[in-house]
Amino acid sequence: MQENIFKTFGCRLNSFETEVMKSFVKEKGLRNVVILNTCAVTSEAERKAKREIQKLRNQNPNSFIIVTGCAAQLKPSFFQNIEAVNLVLGNAEKLSGVFWDKISKIKTDKKPPNNADFLSDIMSHSKLPSKNIKPSTTKTRAFIGIQNGCDHRCTFCIIPYARGNSRSLTPNQIKEQIEYLVSNGLKEVVLTGVDITSWGSDLVNPKKLGDLIEFILKSIPRLPRLRISSIDSVEADPKLIKLLCEEERLMPHLHLSLQSGDNLILKRMKRRHSREDAIEFCNTLKKARPEMTFSADLITGFPTEDQEMFEKTIEIIEECKIDWLHVFPFSPRPGTPAARMPQISRSLIETRAAKLRDISQSKLNRHLDLKIGSIQSILVEANLKGFTKDFSRVTFPQGSTIGEIVEMRIKSRHNNELYGLPIA
């Protein structure tokens with residue numbers, strides 16, 4: 001019988017949610033299902049999903065294809081009208097065991113009786129499901145979705161309408177998941193969400209992300225590594241900043257939701273930080289903890305961005321000491337304010353994106369080259385690969401045990417990866 005297939009697009013939160021869906025599929029005994037967890041950050045992400053659906057249908061003609069994720073939540077009719085799709089599943093429903101029970105009963109049908117039963121208004125949800133969510137049992141690292149949704153309305157972003165308003169798991173719910181993983185030998189947890197610095201604001205007794213990090217580190221001393229995913233630096237509370245500066249078990253890498261280095265563009269994006277805020281945040285952490293590394297999201301070609309504004313974005317890469325970039329050529333999303341602003345040409349957007357990618361590659365090369373000859377603690381993952389504390393990827397020869405943290409001497413760099421040898 002055909003094995004189940006899972007395809008994930010987009011963010012780390014999607015990666016976590018795919019693991020949750022895997023646990024439901026296994027628990028319900030489902031077979032011969034194909035699940036695509038889609039992204040809606042750009043129009044190209046949606047087109048890529050459509051191409052993948054058709055490819056998977058051609059390869060698996062008798063499978064039951066389920067499409068979920070942000071693109072599916074935003075455009076359910078678009079995916080329902082694709083002949084290859086059997087079911088469109090909402091972002092809330094994909095995390096609920098109740099709906100996986102329903103799927104187990106209709107999965108042999110070409111289409112369910114009423115697809116609307118499997119997709120609700122995401123804005124109507126005020127809490128995250130806490131029961132039946134079983135995180136990955138990997139022996140290396142795993143994502144934990146501590147928060148979902150977003151209360152902000154950046155002018156370029158459609159994601160709040162796909163994810164709903166900000167909702168948080170409680171500290172004890174998060175602790176329970178992490179303890180389950182640690183008891184299975186896991187060495188690293190990555191906290192993720194749509195806007196994780198807003199974690200805790202909706203709880204009965206509101207808390208800050210720094211409170212959660214402190215609680216996890218104190219209550220789970222057996223967890224060697226804790227990592228934070230994408231962060232909005234201006235919303236980092238004082239306790240979180242102090243922990244990032246001082247706590248060795250909190251890994252020295254942050255992915256910044258930076259987007260631009262020009263203040264007027266940031267204002268038009270309706271971001272909550274200035275370039276000065278970002279620079280001060282990065283310099284504070286780098287001064288206290290020199291091993292801290294930064295990666296960042298940058299959007300180029302935002303409406304009205306002129307050459308001087310673009311140069312400001314280039315400058316902030318150096319001023320924030322960013323080591324590599326995720327570059328997003330601006331893509332207008334229907335229904336967002338930015339889509340109604342004066343657009344710049346596609347060719348200019350692509351030219352600027354290419355320049356930022358070149359800068360990113362140069363910065364990454366330098367970052368990796370500086371590690372040659374050093375001794376690094378590597379979390380060993382499958383396929384002879386692993387990560388340093390600052391999230392640099394390392395390959396190594398056979399012999400290391402998956403899930404162990406091994407001291408290695410870095411011998412060389414090959415493209416975007418380091419090569420290390422275990423220290424005897």
# chains A, B, ... in the order shown; residues from 1 in each chain; ligands from 1
$ residues_around --residues "A:Ala236" --least-positions-apart "5" --cutoff "8 Å" --atoms "only C-alpha atoms" --output "PyMOL selection string"
chain A and resi 197+209-210+231+241
$ residues_around --residues "A:Leu223" --least-positions-apart "6" --cutoff "8 Å" --atoms "only C-alpha atoms" --output "list in words"
Val182, Leu186, Lys187, Glu188 and Leu217 of chain A
$ residues_around --residues "A:Lys287" --least-positions-apart "5" --cutoff "12 Å" --atoms "only C-alpha atoms" --output "PyMOL selection string"
chain A and resi 244-246+279-282+292-293+320-321
$ write_last_selection --atoms "C-alpha atoms" --output "short mmCIF file (atom, residue, chain, number, x, y, z; two decimals), in the first residue's frame"
data_model
loop_
_atom_site.label_atom_id
_atom_site.label_comp_id
_atom_site.auth_asym_id
_atom_site.auth_seq_id
_atom_site.Cartn_x
_atom_site.Cartn_y
_atom_site.Cartn_z
CA LEU A 244 19.91 36.36 25.30
CA CYS A 245 22.97 38.19 26.60
CA GLU A 246 23.75 35.83 29.48
CA ILE A 279 20.84 48.66 15.20
CA GLU A 280 20.70 49.30 18.95
CA PHE A 281 19.19 45.85 19.61
CA CYS A 282 21.84 44.03 17.56
CA MET A 292 25.76 36.03 18.67
CA THR A 293 24.86 35.79 14.98
CA CYS A 320 23.45 45.19 12.41
CA LYS A 321 26.28 42.75 11.60
#
$ closest_residue --among "A:Ala72, A:Ala296, A:Ile423, A:Ile317" --to "A:Gly261" --atoms "only C-alpha atoms"
A:Ile317
$ residues_around --residues "A:Gln343" --least-positions-apart "3" --cutoff "9 Å" --atoms "only C-alpha atoms" --output "VMD selection string"
chain A and resid 301 to 305 332 338 to 340 346
$ write_last_selection --atoms "C-alpha atoms" --output "short mmCIF file (atom, residue, chain, number, x, y, z; two decimals), in the first residue's frame"
data_model
loop_
_atom_site.label_atom_id
_atom_site.label_comp_id
_atom_site.auth_asym_id
_atom_site.auth_seq_id
_atom_site.Cartn_x
_atom_site.Cartn_y
_atom_site.Cartn_z
CA GLY A 301 11.14 46.58 -4.09
CA PHE A 302 8.48 47.71 -1.65
CA PRO A 303 6.26 50.38 -3.25
CA THR A 304 7.96 53.83 -3.46
CA GLU A 305 11.40 52.39 -2.60
CA PRO A 332 1.69 42.59 -3.93
CA ALA A 338 0.69 47.87 -0.07
CA ALA A 339 -1.00 46.42 -3.17
CA ARG A 340 -2.70 49.81 -3.66
CA ARG A 346 9.43 44.08 -11.66
#
$ atom_distance --atom1 "atom CA of A:Leu258" --atom2 "atom CA of A:Phe387"
23.6 Å
$ residues_around --residues "A:Leu250" --least-positions-apart "5" --cutoff "10 Å" --atoms "only C-alpha atoms" --output "list in words"
Glu188, Val189, Ile213, Glu214, Leu217, Pro224, Arg225, Leu226, Arg227, Ile228, Leu243, Leu244, Cys245 and Lys389 of chain A
$ write_last_selection --atoms "N, CA and C atoms" --output "compact mmCIF listing (two decimals), in the first residue's frame"
# COMPACT_ATOMS: atom_id res chain seq x y z
N GLU A 188 17.53 19.65 21.42
CA GLU A 188 17.31 21.05 21.09
C GLU A 188 15.85 21.31 20.73
N VAL A 189 15.31 22.39 21.26
CA VAL A 189 13.95 22.83 20.95
C VAL A 189 14.01 24.22 20.33
N ILE A 213 10.82 31.97 28.49
CA ILE A 213 12.18 31.43 28.32
C ILE A 213 12.78 31.10 29.68
N GLU A 214 12.63 32.01 30.63
CA GLU A 214 13.16 31.78 31.98
C GLU A 214 12.51 30.56 32.62
N LEU A 217 13.88 27.25 30.95
CA LEU A 217 15.26 26.94 31.32
C LEU A 217 15.37 26.49 32.77
N PRO A 224 19.45 20.74 26.80
CA PRO A 224 20.73 21.40 26.58
C PRO A 224 20.63 22.68 25.74
N ARG A 225 19.72 22.68 24.78
CA ARG A 225 19.68 23.80 23.83
C ARG A 225 18.26 24.30 23.62
N LEU A 226 18.08 25.60 23.75
CA LEU A 226 16.81 26.25 23.44
C LEU A 226 17.09 27.34 22.42
N ARG A 227 16.27 27.36 21.39
CA ARG A 227 16.48 28.31 20.30
C ARG A 227 15.19 29.06 20.00
N ILE A 228 15.32 30.32 19.61
CA ILE A 228 14.18 31.15 19.24
C ILE A 228 14.19 31.33 17.73
N LEU A 243 18.40 37.50 29.06
CA LEU A 243 18.65 36.07 28.87
C LEU A 243 19.47 35.81 27.61
N LEU A 244 19.15 36.52 26.54
CA LEU A 244 19.91 36.36 25.30
C LEU A 244 21.37 36.75 25.50
N CYS A 245 21.61 37.73 26.36
CA CYS A 245 22.97 38.19 26.60
C CYS A 245 23.76 37.25 27.52
N LYS A 389 26.16 26.03 17.57
CA LYS A 389 25.27 26.82 18.42
C LYS A 389 24.70 28.02 17.68
